[in-house]
>>> print(open('protein29.cif').read())   # mmCIF, C-alpha atoms
data_work
#
loop_
_atom_site.label_atom_id
_atom_site.label_comp_id
_atom_site.auth_asym_id
_atom_site.auth_seq_id
_atom_site.Cartn_x
_atom_site.Cartn_y
_atom_site.Cartn_z
CA MET F 114 124.79 140.16 114.24
CA GLU F 115 125.67 136.54 113.83
CA LYS F 116 124.11 134.38 111.20
CA LYS F 117 122.04 132.49 113.76
CA GLU F 118 120.54 135.72 115.06
CA TRP F 119 119.55 136.74 111.54
CA THR F 120 117.74 133.44 111.08
CA ILE F 121 115.78 134.03 114.27
CA LEU F 122 114.87 137.54 113.12
CA LEU F 123 113.69 136.19 109.77
CA ILE F 124 111.54 133.55 111.46
CA ILE F 125 109.95 136.17 113.73
CA LEU F 126 109.26 138.39 110.70
CA ALA F 127 107.72 135.49 108.80
CA VAL F 128 105.45 134.53 111.69
CA PHE F 129 104.49 138.16 112.19
CA SER F 130 103.55 138.72 108.56
CA LEU F 131 101.65 135.44 108.58
CA PHE F 132 99.46 136.71 111.40
CA PHE F 133 99.31 140.17 109.85
CA PHE F 134 97.97 138.98 106.54
CA LEU F 135 95.77 136.12 107.69
CA PRO F 136 92.34 136.43 106.13
CA TYR F 137 90.52 136.23 109.47
CA ASN F 138 87.26 137.60 108.23
CA SER F 139 86.79 135.49 105.17
CA GLU F 140 84.39 132.62 105.50
CA TRP F 141 86.50 129.98 103.74
CA PHE F 142 89.36 130.57 106.13
CA ASN F 143 87.25 130.19 109.24
CA THR F 144 85.58 127.06 107.89
CA SER F 145 88.97 125.56 107.13
CA ILE F 146 90.41 126.33 110.54
CA ILE F 147 87.42 124.75 112.24
CA SER F 148 87.61 121.75 109.96
CA GLY F 149 91.30 121.30 110.76
CA LEU F 150 90.63 121.48 114.50
CA ASN F 151 87.71 119.08 114.11
CA LEU F 152 89.85 116.46 112.48
CA LEU F 153 92.52 116.87 115.17
CA ASN F 154 89.83 116.44 117.80
CA ASP F 155 88.60 113.32 116.05
CA TYR F 156 92.10 111.80 116.02
CA ALA F 157 92.81 112.78 119.61
CA LYS F 158 89.54 111.21 120.76
CA GLN F 159 89.36 108.10 118.63
CA HIS F 160 92.76 107.09 117.38
CA VAL F 161 95.64 108.38 119.47
CA LEU F 162 95.10 106.64 122.81
CA THR F 163 93.51 103.45 121.57
CA CYS F 164 95.59 102.83 118.47
CA LEU F 165 98.63 105.00 118.04
CA VAL F 166 100.01 104.85 121.58
CA PRO F 167 99.86 101.03 121.80
CA ALA F 168 101.36 100.79 118.31
CA LEU F 169 104.28 103.01 119.32
CA PHE F 170 104.93 100.86 122.40
CA ILE F 171 104.93 97.77 120.19
CA ALA F 172 107.33 99.40 117.75
CA GLY F 173 109.61 100.24 120.66
CA ALA F 174 109.40 96.66 121.91
CA ILE F 175 110.24 95.30 118.46
CA THR F 176 113.50 97.27 118.30
CA VAL F 177 114.47 95.96 121.73
CA PHE F 178 113.44 92.33 121.43
CA ILE F 179 113.76 91.27 117.81
CA LYS F 180 117.30 90.22 117.11
CA GLN F 181 118.20 92.18 114.02
CA ASN F 182 121.16 89.99 113.16
CA LYS F 183 119.07 86.85 112.91
CA VAL F 184 116.75 88.61 110.48
CA LEU F 185 119.52 90.23 108.47
CA LYS F 186 121.34 86.92 108.07
CA TYR F 187 118.53 85.81 105.78
CA LEU F 188 119.04 88.89 103.65
CA GLY F 189 122.76 88.21 103.30
CA ALA F 190 124.69 86.93 100.29
CA GLY F 191 124.31 83.24 101.10
CA ALA F 192 120.59 83.37 101.71
CA LYS F 193 118.08 81.52 99.56
CA LYS F 194 116.42 83.91 97.11
CA TYR F 195 112.80 83.17 97.95
CA VAL F 196 113.45 83.41 101.68
CA ALA F 197 115.16 86.75 101.12
CA TYR F 198 112.20 88.09 99.12
CA ILE F 199 109.61 86.97 101.64
CA LEU F 200 111.58 88.29 104.57
CA ALA F 201 112.31 91.61 102.83
CA SER F 202 108.62 92.04 102.09
CA VAL F 203 107.64 91.90 105.75
CA SER F 204 110.80 93.44 107.17
CA GLY F 205 109.02 96.73 107.74
CA ILE F 206 107.15 95.08 110.59
CA ILE F 207 109.98 92.97 111.95
CA LEU F 208 112.70 95.56 111.97
CA ALA F 209 110.59 98.61 112.86
CA VAL F 210 112.98 100.67 110.79
CA CYS F 211 112.83 104.42 110.82
CA SER F 212 113.05 106.19 107.51
CA CYS F 213 116.68 107.18 108.04
CA THR F 214 117.87 103.58 108.32
CA ILE F 215 116.08 102.39 105.21
CA LEU F 216 118.62 103.65 102.69
CA PRO F 217 121.72 102.20 104.39
CA LEU F 218 119.91 98.88 104.69
CA PHE F 219 118.83 99.03 101.07
CA ALA F 220 122.35 99.77 99.87
CA GLY F 221 123.75 97.04 102.11
CA ILE F 222 121.35 94.34 100.95
CA ARG F 223 121.93 95.24 97.32
CA LYS F 224 125.71 95.38 97.31
CA ARG F 225 126.72 92.92 100.00
CA GLY F 226 123.65 90.84 100.53
CA ALA F 227 120.87 89.12 98.64
CA GLY F 228 121.08 91.51 95.68
CA LEU F 229 119.03 94.09 93.84
CA GLY F 230 115.69 92.25 93.90
CA PRO F 231 115.29 91.72 97.64
CA ALA F 232 116.79 95.17 98.23
CA ILE F 233 114.08 96.76 96.11
CA THR F 234 111.44 94.65 97.87
CA PHE F 235 112.74 95.99 101.16
CA LEU F 236 112.90 99.57 99.86
CA PHE F 237 109.22 99.47 98.93
CA SER F 238 107.82 97.59 101.86
CA GLY F 239 110.00 98.97 104.67
CA PRO F 240 108.22 102.31 105.01
CA ALA F 241 104.84 101.00 103.88
CA ILE F 242 104.08 98.39 106.49
CA ASN F 243 104.92 99.24 110.01
CA ILE F 244 102.69 98.38 112.96
CA ALA F 245 101.50 101.96 113.39
CA ALA F 246 100.61 102.44 109.71
CA ILE F 247 98.63 99.20 109.53
CA PHE F 248 96.58 99.72 112.67
CA LEU F 249 96.01 103.43 112.13
CA THR F 250 94.71 102.68 108.64
CA ILE F 251 92.31 100.13 110.12
CA SER F 252 91.27 102.49 112.91
CA VAL F 253 90.68 105.48 110.63
CA LEU F 254 89.67 104.02 107.28
CA GLY F 255 88.25 100.64 108.25
CA TYR F 256 89.14 96.97 108.15
CA GLU F 257 88.72 96.32 104.45
CA ILE F 258 91.11 98.92 103.17
CA GLY F 259 93.52 98.30 106.07
CA LEU F 260 93.85 94.60 105.30
CA ALA F 261 94.00 95.31 101.56
CA ARG F 262 96.82 97.76 102.22
CA ILE F 263 99.02 95.29 104.05
CA THR F 264 98.37 92.38 101.66
CA ALA F 265 98.91 94.50 98.56
CA SER F 266 102.04 96.14 100.00
CA ILE F 267 103.62 92.73 100.61
CA LEU F 268 102.65 91.37 97.19
CA ILE F 269 103.67 94.47 95.26
CA SER F 270 107.00 94.74 97.03
CA ILE F 271 107.85 91.19 95.91
CA LEU F 272 106.55 91.73 92.37
CA VAL F 273 108.50 94.96 91.92
CA GLY F 274 111.64 93.38 93.37
CA VAL F 275 111.47 90.28 91.18
CA THR F 276 110.75 92.35 88.07
CA MET F 277 113.69 94.65 88.76
CA ALA F 278 115.98 91.65 89.30
CA LEU F 279 114.82 90.13 86.00
CA ILE F 280 115.40 93.34 84.04
CA PHE F 281 118.72 94.29 85.58
CA ARG F 282 121.17 91.55 86.40
CA GLU F 283 123.60 92.93 88.91
CA LYS F 284 126.69 91.31 90.31
CA ILE F 285 126.95 91.30 94.06
CA GLU F 286 130.21 92.55 95.48
CA LYS F 287 132.03 90.10 97.66
CA GLY F 288 131.75 90.69 101.33
CA GLU F 289 129.86 89.71 104.38
CA PHE F 290 127.86 91.88 106.68
CA PHE F 291 129.79 92.79 109.73
CA MET F 292 127.91 91.10 112.53
CA GLN F 293 128.07 92.24 116.07
CA GLU F 294 127.07 89.90 118.81
CA ASP F 295 123.57 90.27 120.07
CA LYS F 296 123.34 90.90 123.73
CA LYS F 297 121.61 88.08 125.53
CA LEU F 298 118.21 89.06 126.85
CA LYS F 299 117.42 88.21 130.42
CA VAL F 300 113.87 87.30 129.57
CA SER F 301 112.62 83.97 128.26
CA ASN F 302 111.03 83.71 124.81
CA LYS F 303 107.74 82.65 126.36
CA VAL F 304 107.51 85.89 128.35
CA ILE F 305 108.34 87.93 125.25
CA ILE F 306 105.61 86.23 123.24
CA ILE F 307 103.00 86.83 125.97
CA PHE F 308 104.21 90.43 126.26
CA PHE F 309 103.66 91.04 122.53
CA ALA F 310 100.35 89.16 122.57
CA PHE F 311 99.00 91.45 125.32
CA MET F 312 99.95 94.59 123.41
CA ILE F 313 98.66 93.40 120.06
CA GLY F 314 95.50 92.35 121.94
CA ILE F 315 94.84 96.02 122.70
CA LEU F 316 94.99 96.93 119.02
CA ILE F 317 92.83 94.02 117.90
CA VAL F 318 90.14 94.69 120.50
CA ASN F 319 90.15 98.33 119.39
CA GLY F 320 89.23 97.22 115.88
CA LEU F 321 86.36 94.97 117.01
CA GLN F 322 82.84 96.23 116.72
CA ILE F 323 81.50 95.30 120.10
CA ASN F 324 79.84 96.95 123.06
CA LYS F 325 81.84 100.02 124.09
CA THR F 326 82.09 99.21 127.80
CA LEU F 327 83.25 95.69 127.05
CA LYS F 328 85.72 97.00 124.49
CA TYR F 329 87.35 99.58 126.72
CA GLY F 330 87.25 97.16 129.65
CA LEU F 331 89.15 94.58 127.63
CA MET F 332 91.64 97.15 126.39
CA ILE F 333 92.36 98.39 129.91
CA ALA F 334 92.72 94.78 131.07
CA PHE F 335 95.29 94.09 128.35
CA ALA F 336 97.15 97.30 129.15
CA LEU F 337 97.27 96.47 132.88
CA ALA F 338 98.38 92.92 132.12
CA THR F 339 101.22 94.31 130.01
CA ILE F 340 102.31 96.68 132.76
CA ILE F 341 102.21 93.97 135.44
CA LEU F 342 104.17 91.56 133.25
CA VAL F 343 106.80 94.21 132.57
CA MET F 344 107.10 95.12 136.25
CA ILE F 345 107.56 91.51 137.34
CA LYS F 346 109.60 89.99 134.57
CA PHE F 347 111.70 92.78 133.07
CA GLY F 348 114.67 94.29 134.83
CA LYS F 349 115.07 98.04 135.10
CA GLU F 350 117.58 98.18 132.27
CA LEU F 351 115.30 96.43 129.82
CA ARG F 352 112.30 98.48 130.88
CA ASP F 353 114.19 101.72 130.37
CA LYS F 354 115.44 100.58 126.98
CA TRP F 355 111.90 99.78 125.87
CA LEU F 356 110.54 103.12 127.09
CA ASN F 357 113.44 104.99 125.47
CA GLU F 358 112.84 103.38 122.07
CA THR F 359 109.12 104.08 122.33
CA TRP F 360 109.80 107.67 123.24
CA GLY F 361 112.18 107.96 120.30
CA PHE F 362 109.48 106.83 117.88
CA SER F 363 106.84 109.07 119.46
CA LYS F 364 109.07 112.10 119.28
CA THR F 365 109.75 111.71 115.59
CA ILE F 366 106.29 110.62 114.46
CA LEU F 367 103.67 112.39 116.56
CA PRO F 368 104.38 116.13 116.02
CA LEU F 369 104.48 115.73 112.24
CA LEU F 370 101.39 113.56 112.30
CA PHE F 371 99.41 116.21 114.18
CA VAL F 372 100.52 118.84 111.68
CA GLY F 373 99.52 116.46 108.89
CA VAL F 374 96.10 115.82 110.40
CA PHE F 375 95.47 119.55 110.79
CA VAL F 376 96.57 120.26 107.22
CA ALA F 377 94.33 117.48 105.91
CA GLY F 378 91.38 118.90 107.84
CA PHE F 379 92.23 122.45 106.77
CA ILE F 380 92.31 121.70 103.05
CA MET F 381 89.26 119.46 103.18
CA PRO F 382 86.69 122.26 102.67
CA LEU F 383 88.93 123.86 100.05
CA ILE F 384 89.16 120.85 97.75
CA PRO F 385 86.53 121.23 95.06
CA GLU F 386 84.39 118.14 95.25
CA SER F 387 83.70 118.11 91.51
CA ILE F 388 87.38 117.74 90.67
CA ILE F 389 87.89 114.82 93.07
CA VAL F 390 84.75 113.10 91.83
CA ASN F 391 85.77 113.62 88.22
CA LEU F 392 89.37 112.48 88.61
CA VAL F 393 89.26 109.70 91.20
CA GLY F 394 85.57 109.30 91.99
CA GLN F 395 85.27 106.10 90.02
CA ASN F 396 87.26 102.91 90.05
CA THR F 397 88.66 103.32 86.53
CA ILE F 398 92.14 102.67 85.15
CA LEU F 399 92.68 106.40 84.77
CA GLY F 400 91.40 107.16 88.29
CA ASN F 401 93.76 104.61 89.83
CA LEU F 402 96.67 105.83 87.74
CA ILE F 403 96.10 109.44 88.79
CA ALA F 404 95.90 108.43 92.45
CA SER F 405 99.09 106.36 92.37
CA ILE F 406 101.05 108.97 90.40
CA PHE F 407 99.98 111.63 92.89
CA GLY F 408 100.96 109.31 95.74
CA ALA F 409 104.33 108.50 94.19
CA PHE F 410 105.43 112.11 93.76
CA MET F 411 103.84 113.71 96.80
CA TYR F 412 105.81 113.68 100.04
CA PHE F 413 104.00 112.33 103.10
CA SER F 414 105.70 112.23 106.45
CA THR F 415 105.15 108.97 108.36
CA LEU F 416 101.44 108.15 108.71
CA THR F 417 100.17 111.46 107.29
CA GLU F 418 99.03 109.67 104.13
CA ILE F 419 96.15 108.37 106.25
CA PRO F 420 94.42 111.69 107.14
CA ILE F 421 95.04 112.93 103.59
CA VAL F 422 93.32 109.88 102.08
CA GLN F 423 90.56 110.26 104.67
CA ALA F 424 90.00 113.87 103.52
CA LEU F 425 89.95 112.78 99.87
CA ILE F 426 87.48 109.97 100.57
CA THR F 427 85.04 112.40 102.22
CA LYS F 428 85.33 114.48 99.06
CA GLY F 429 84.29 111.57 96.88
CA MET F 430 87.39 109.50 96.19
CA ALA F 431 86.53 105.88 95.34
CA SER F 432 87.99 103.01 97.35
CA GLY F 433 90.21 101.69 94.53
CA PRO F 434 92.11 104.94 93.97
CA ALA F 435 92.27 105.43 97.76
CA LEU F 436 94.14 102.14 98.09
CA ALA F 437 96.37 103.00 95.13
CA LEU F 438 97.33 106.26 96.84
CA LEU F 439 98.04 104.48 100.14
CA LEU F 440 100.26 101.98 98.34
CA ALA F 441 102.34 104.36 96.25
CA GLY F 442 102.36 107.14 98.83
CA PRO F 443 104.68 106.28 101.72
CA SER F 444 107.35 104.44 99.72
CA LEU F 445 108.02 107.12 97.14
CA SER F 446 108.16 110.88 97.03
CA LEU F 447 109.96 113.39 94.86
CA PRO F 448 112.74 113.90 97.45
CA SER F 449 113.18 110.15 97.96
CA MET F 450 113.31 109.63 94.18
CA LEU F 451 116.29 111.97 94.00
CA VAL F 452 118.11 110.06 96.72
CA ILE F 453 117.31 106.69 95.16
CA ARG F 454 118.59 108.03 91.84
CA LYS F 455 121.95 108.75 93.43
CA LEU F 456 122.19 105.12 94.50
CA LEU F 457 120.61 103.36 91.51
CA GLY F 458 121.16 105.69 88.57
CA THR F 459 118.49 107.31 86.40
CA GLY F 460 117.43 104.28 84.35
CA LYS F 461 116.76 101.91 87.22
CA THR F 462 115.06 104.62 89.26
CA LEU F 463 112.67 105.42 86.41
CA ILE F 464 111.79 101.75 85.94
CA TYR F 465 111.30 101.37 89.71
CA ILE F 466 108.97 104.37 89.86
CA GLY F 467 107.08 103.10 86.82
CA LEU F 468 106.64 99.64 88.33
CA VAL F 469 105.40 101.04 91.64
CA ILE F 470 102.84 103.21 89.85
CA ILE F 471 101.63 100.38 87.58
CA PHE F 472 101.34 97.75 90.34
CA SER F 473 99.69 100.18 92.78
CA SER F 474 97.11 101.13 90.15
CA MET F 475 96.42 97.48 89.41
CA ALA F 476 95.94 96.71 93.10
CA GLY F 477 93.60 99.67 93.43
CA LEU F 478 91.62 98.54 90.41
CA ILE F 479 91.23 95.00 91.74
CA PHE F 480 90.32 96.17 95.27
CA GLY F 481 87.83 98.70 93.89
CA SER F 482 86.05 96.07 91.85
CA ILE F 483 85.78 93.62 94.77
CA VAL F 484 84.51 96.05 97.41
CA MET D 277 142.66 108.39 117.49
CA LYS D 278 140.04 108.78 114.79
CA ILE D 279 136.38 108.24 115.55
CA GLU D 280 133.83 108.12 112.76
CA ILE D 281 130.10 108.40 113.32
CA LEU D 282 128.19 106.84 110.45
CA GLY D 283 124.64 107.94 109.77
CA THR D 284 122.54 109.91 107.36
CA GLY D 285 121.67 112.56 109.90
CA CYS D 286 118.79 111.14 111.88
CA PRO D 287 118.22 112.01 115.56
CA LYS D 288 119.81 108.71 116.64
CA CYS D 289 123.09 109.60 114.94
CA LYS D 290 123.19 112.90 116.79
CA LEU D 291 122.61 111.09 120.07
CA LEU D 292 125.48 108.72 119.30
CA GLU D 293 127.74 111.67 118.53
CA ALA D 294 126.76 113.35 121.80
CA ASN D 295 127.50 110.16 123.75
CA THR D 296 130.85 109.84 122.03
CA ARG D 297 131.85 113.39 122.86
CA LYS D 298 130.78 112.90 126.44
CA ALA D 299 132.85 109.74 126.72
CA LEU D 300 135.87 111.61 125.34
CA GLU D 301 135.33 114.42 127.80
CA GLU D 302 134.99 112.10 130.77
CA THR D 303 138.11 110.11 129.93
CA GLY D 304 140.07 113.21 128.92
CA LYS D 305 141.28 111.50 125.75
CA LYS D 306 141.69 113.41 122.51
CA ALA D 307 140.26 112.18 119.26
CA GLU D 308 139.11 113.48 115.95
CA VAL D 309 135.36 112.95 115.57
CA ILE D 310 134.20 112.79 111.96
CA LYS D 311 130.63 112.45 110.80
CA VAL D 312 130.13 110.30 107.72
CA THR D 313 126.81 111.03 106.04
CA GLU D 314 127.41 109.86 102.43
CA ILE D 315 125.48 106.63 101.99
CA ASN D 316 128.02 105.17 99.57
CA LYS D 317 130.80 105.72 102.09
CA ILE D 318 128.74 104.28 104.91
CA ILE D 319 128.18 100.92 103.23
CA LYS D 320 131.94 100.55 102.61
CA TYR D 321 132.14 99.59 106.28
CA ASP D 322 129.95 96.52 105.62
CA ILE D 323 127.36 97.69 108.06
CA ILE D 324 123.74 97.76 107.10
CA SER D 325 122.13 99.59 109.90
CA THR D 326 122.90 103.05 111.18
CA PRO D 327 123.95 104.74 113.39
CA ALA D 328 127.38 103.20 113.74
CA ILE D 329 130.57 104.08 115.52
CA VAL D 330 133.95 103.33 113.97
CA ILE D 331 137.14 103.78 115.96
CA ASP D 332 140.42 103.78 114.04
CA GLY D 333 138.77 102.00 111.14
CA LYS D 334 137.13 99.29 113.24
CA VAL D 335 133.37 99.05 113.58
CA LYS D 336 132.51 98.98 117.26
CA ALA D 337 128.73 99.00 117.15
CA TYR D 338 125.94 99.60 114.69
CA GLY D 339 122.18 99.83 114.64
CA ARG D 340 122.01 100.97 118.21
CA ILE D 341 123.23 103.77 120.44
CA PRO D 342 125.93 102.54 122.80
CA GLU D 343 125.95 104.22 126.17
CA VAL D 344 128.73 106.53 127.36
CA LYS D 345 129.98 103.79 129.69
CA GLU D 346 130.35 101.37 126.79
CA ILE D 347 132.08 103.87 124.51
CA LYS D 348 134.60 104.69 127.25
CA LYS D 349 135.81 101.09 127.18
CA TRP D 350 136.65 101.36 123.50
CA LEU D 351 138.65 104.56 123.78
#
>>> encode(input="protein29.cif", output="C-alpha cells")
Amino acid sequence: MEKKEWTILLIILAVFSLFFFLPYNSEWFNTSIISGLNLLNDYAKQHVLTCLVPALFIAGAITVFIKQNKVLKYLGAGAKKYVAYILASVSGIILAVCSCTILPLFAGIRKRGAGLGPAITFLFSGPAINIAAIFLTISVLGYEIGLARITASILISILVGVTMALIFREKIEKGEFFMQEDKKLKVSNKVIIIFFAFMIGILIVNGLQINKTLKYGLMIAFALATIILVMIKFGKELRDKWLNETWGFSKTILPLLFVGVFVAGFIMPLIPESIIVNLVGQNTILGNLIASIFGAFMYFSTLTEIPIVQALITKGMASGPALALLLAGPSLSLPSMLVIRKLLGTGKTLIYIGLVIIFSSMAGLIFGSIV
Amino acid sequence: MKIEILGTGCPKCKLLEANTRKALEETGKKAEVIKVTEINKIIKYDIISTPAIVIDGKVKAYGRIPEVKEIKKWL
C-alpha cells in the first residue's frame, strides 16, 4: 500500500477507537457534550448571523478596497517614526491580514521599512484587532470588555514596540519595498464610504440595547441597502472579487471557530470552579499575571480566544484577568514564539514575550479596578 | 523559465500555484515552478505581502492572487 493509503487507514482506526472507547454512560461526559452543543447553539443563534457574517463581509471588502500600497508606504524606510507606530498599531483593521501574511510583513517592515519598533507594534496588533475579533468580543462578552480590548491592544502594541526599539538599536538594511501599481477602482470614494458605513451600521445596531423588532428591522434595512448599492454601483468583476475574499476568510475562520466553541463548551463543566476562582477570580497582580502567561503560551486559532474566555468567566474569572488573557492570547502562542525566535533570535524574543505579558497584566489590572 | 511562488504555505499561496500551473498548461510553455516558503528568503525579494509570483527573478505581483489570464501574459 502507498503511504497515503496507510494514513487513511490510521485515521479510520483512530476514529473507530475514539468511538469504541467513548465513555457514553458516564455522567460527566454527557453533561459536557450537551454543554458543548449548547454553546454552539448559542453562537449560531446570537452571534453568527448578526455579527460574524457582516464582519466577514467587511473584512472581504477591506482587502478589495483599501489600497495596501498607500498604507505600506507609511511603514517604509522614509516614514516618520510616530506615523509608522500609529499606523502599525491599527494595521490589523486596515489591512485585514490573515495570520500567514503577518510574518512576511513583520520581517519586511523590520528589515526594509520603519524598523524593529513599528514592526513589533504590527506583530502584536495585527492578529489582535481585526473587525471580526472586535465585534465578536462585544457581541459575546459585552461592550466594556470589547472596547477595553481594542484600546488596550493599540496602546500595548505601541508601548511594546517603542520599548523594544529603545532596548535594541537595529540598523535598517538599505532597500525600498517593491511597489506594484494599484489597479484603479471603478467606484468613487463616496460610494465606498457609504458602502462601508452601511455594513458597519449592521454591527453597531447589533450591539445596541433596543427593542428587538426595531433592532432586527434596522439591521435588515442596512443589509438590503448594502445589497442594492452593490448591485447598482459595483460591476460584476468587483462584486465577484468582494465575494471571493469574503468566502476566503469564512473558509479559514469559521470551521475552526465552531470547533473552538464546542471545545470551550465541552470543557466548561469539567473546569473545577474552585481552581479558577482561586487563581484568576480576583483582580490581583498574580491573577492577571497567570491569565496573561496562560494566554501568551496557549495557542488559539482566530477568534477562539473569545469562547474560551467566556467559559472561564462563567467559571468565576474576574474581568481584569479576562482582559489580560484576551490581550496576550491571539498575538502569542508557543508555536508562534518558535517562529518569531527564528526571525529575532532568542534574546529579543524573550524580551518581547516578557513585555507582552507585563503590559497585558497591567492593562488587566487597570481595567479590573475601573469596572 | 523559472517561476517562484513565495508564501509561507497559506491557502492563498496554493491557489496562486494552481493558477500558475494552469496558465502554463494552457499556453503549453515549460517552466520550473519552485515554492519558496522560508521567510528569510521571501523578504530578499523586497516584498512585504504574500503570496507573490516571481518570474525569472522579477516580482510580477504580490499580496494578491493574479488570475490565469493575467499570468499568461507574463509567461
>>> closest_residue(input="protein29.cif", among="D:Thr284, D:Lys345, D:Leu351, D:Lys290", to="D:Glu314", atoms="all atoms listed in the file")
D:Thr284
>>> closest_atom_pairs(input="protein29.cif", of="chain D", to="chain F", cutoff="7 Å", atoms="all atoms listed in the file", output="tab-separated table")
residue	atom	partner	partner_atom	distance
D:Thr284	CA	F:Cys213	CA	6.5
D:Cys286	CA	F:Cys213	CA	5.9
D:Ile315	CA	F:Pro217	CA	6.3
D:Ile319	CA	F:Gly221	CA	6.0
D:Asp322	CA	F:Phe290	CA	5.2
D:Ile323	CA	F:Phe291	CA	5.7
D:Ile324	CA	F:Leu218	CA	4.7
D:Ser325	CA	F:Leu218	CA	5.7
D:Thr326	CA	F:Thr214	CA	5.8
D:Ala337	CA	F:Gln293	CA	6.9
>>> resolve_selection(input="protein29.cif", expression="the PyMOL selection byres ((chain F and resi 389-405) around 12)", output="short mmCIF file (atom, residue, chain, number, x, y, z; two decimals) with C-alpha atoms, in the frame of the given file")
data_model
loop_
_atom_site.label_atom_id
_atom_site.label_comp_id
_atom_site.auth_asym_id
_atom_site.auth_seq_id
_atom_site.Cartn_x
_atom_site.Cartn_y
_atom_site.Cartn_z
CA MET F 381 89.26 119.46 103.18
CA LEU F 383 88.93 123.86 100.05
CA ILE F 384 89.16 120.85 97.75
CA PRO F 385 86.53 121.23 95.06
CA GLU F 386 84.39 118.14 95.25
CA SER F 387 83.70 118.11 91.51
CA ILE F 388 87.38 117.74 90.67
CA ILE F 406 101.05 108.97 90.40
CA PHE F 407 99.98 111.63 92.89
CA GLY F 408 100.96 109.31 95.74
CA ALA F 409 104.33 108.50 94.19
CA PHE F 410 105.43 112.11 93.76
CA MET F 411 103.84 113.71 96.80
CA VAL F 422 93.32 109.88 102.08
CA ALA F 424 90.00 113.87 103.52
CA LEU F 425 89.95 112.78 99.87
CA ILE F 426 87.48 109.97 100.57
CA THR F 427 85.04 112.40 102.22
CA LYS F 428 85.33 114.48 99.06
CA GLY F 429 84.29 111.57 96.88
CA MET F 430 87.39 109.50 96.19
CA ALA F 431 86.53 105.88 95.34
CA SER F 432 87.99 103.01 97.35
CA GLY F 433 90.21 101.69 94.53
CA PRO F 434 92.11 104.94 93.97
CA ALA F 435 92.27 105.43 97.76
CA LEU F 436 94.14 102.14 98.09
CA ALA F 437 96.37 103.00 95.13
CA LEU F 438 97.33 106.26 96.84
CA LEU F 439 98.04 104.48 100.14
CA LEU F 440 100.26 101.98 98.34
CA ALA F 441 102.34 104.36 96.25
CA GLY F 442 102.36 107.14 98.83
CA PRO F 443 104.68 106.28 101.72
CA SER F 444 107.35 104.44 99.72
CA LEU F 445 108.02 107.12 97.14
CA SER F 446 108.16 110.88 97.03
CA ILE F 466 108.97 104.37 89.86
CA GLY F 467 107.08 103.10 86.82
CA LEU F 468 106.64 99.64 88.33
CA VAL F 469 105.40 101.04 91.64
CA ILE F 470 102.84 103.21 89.85
CA ILE F 471 101.63 100.38 87.58
CA PHE F 472 101.34 97.75 90.34
CA SER F 473 99.69 100.18 92.78
CA SER F 474 97.11 101.13 90.15
CA MET F 475 96.42 97.48 89.41
CA ALA F 476 95.94 96.71 93.10
CA GLY F 477 93.60 99.67 93.43
CA LEU F 478 91.62 98.54 90.41
CA ILE F 479 91.23 95.00 91.74
CA PHE F 480 90.32 96.17 95.27
CA GLY F 481 87.83 98.70 93.89
CA SER F 482 86.05 96.07 91.85
CA ILE F 483 85.78 93.62 94.77
CA VAL F 484 84.51 96.05 97.41
#
>>> resolve_selection(input="protein29.cif", expression="the PyMOL selection byres ((chain F and resi 357-360) around 8)", output="ChimeraX atom specification")
/F:169-174,176-177,353-356,361-364
>>> resolve_selection(input="protein29.cif", expression="the PyMOL selection byres ((chain F and resi 139-146) around 8)", output="list in words")
Pro136, Tyr137, Asn138, Ile147, Ser148, Gly149, Leu150, Gly378, Phe379, Ile380, Met381, Pro382 and Leu383 of chain F
>>> closest_residue(input="protein29.cif", among="D:Ile341, D:Ile347, D:Ile310, D:Ala328", to="D:Leu291", atoms="all atoms listed in the file")
D:Ile341
>>> closest_residue(input="protein29.cif", among="F:Ala232, F:Ile421, F:Ile453, F:Ile345", to="F:Val372", atoms="only C-alpha atoms")
F:Ile421
>>> residues_around(input="protein29.cif", residues="F:Tyr329", least_positions_apart="2", cutoff="12 Å", atoms="all atoms listed in the file", output="short mmCIF file (atom, residue, chain, number, x, y, z; two decimals) with C-alpha atoms, in the frame of the given file")
data_model
loop_
_atom_site.label_atom_id
_atom_site.label_comp_id
_atom_site.auth_asym_id
_atom_site.auth_seq_id
_atom_site.Cartn_x
_atom_site.Cartn_y
_atom_site.Cartn_z
CA GLN F 159 89.36 108.10 118.63
CA LEU F 162 95.10 106.64 122.81
CA THR F 163 93.51 103.45 121.57
CA GLY F 314 95.50 92.35 121.94
CA ILE F 315 94.84 96.02 122.70
CA LEU F 316 94.99 96.93 119.02
CA ILE F 317 92.83 94.02 117.90
CA VAL F 318 90.14 94.69 120.50
CA ASN F 319 90.15 98.33 119.39
CA GLY F 320 89.23 97.22 115.88
CA LEU F 321 86.36 94.97 117.01
CA GLN F 322 82.84 96.23 116.72
CA ILE F 323 81.50 95.30 120.10
CA ASN F 324 79.84 96.95 123.06
CA LYS F 325 81.84 100.02 124.09
CA THR F 326 82.09 99.21 127.80
CA LEU F 327 83.25 95.69 127.05
CA LEU F 331 89.15 94.58 127.63
CA MET F 332 91.64 97.15 126.39
CA ILE F 333 92.36 98.39 129.91
CA ALA F 334 92.72 94.78 131.07
CA PHE F 335 95.29 94.09 128.35
CA ALA F 336 97.15 97.30 129.15
#
>>> build_atoms(input="protein29.cif", residues="stretch 279-284 of chain D", atoms="N, CA and C atoms", output="tab-separated table (two decimals), in the frame of the given file")
chain	number	residue	atom	x	y	z
D	279	ILE	N	137.69	108.84	115.33
D	279	ILE	CA	136.38	108.24	115.55
D	279	ILE	C	135.43	108.70	114.45
D	280	GLU	N	134.81	107.74	113.79
D	280	GLU	CA	133.83	108.12	112.76
D	280	GLU	C	132.43	107.74	113.21
D	281	ILE	N	131.51	108.67	113.02
D	281	ILE	CA	130.10	108.40	113.32
D	281	ILE	C	129.39	108.26	111.98
D	282	LEU	N	128.85	107.06	111.72
D	282	LEU	CA	128.19	106.84	110.45
D	282	LEU	C	126.68	107.00	110.60
D	283	GLY	N	126.09	107.77	109.71
D	283	GLY	CA	124.64	107.94	109.77
D	283	GLY	C	124.21	109.05	108.84
D	284	THR	N	122.99	108.94	108.35
D	284	THR	CA	122.54	109.91	107.36
D	284	THR	C	121.96	111.16	108.00
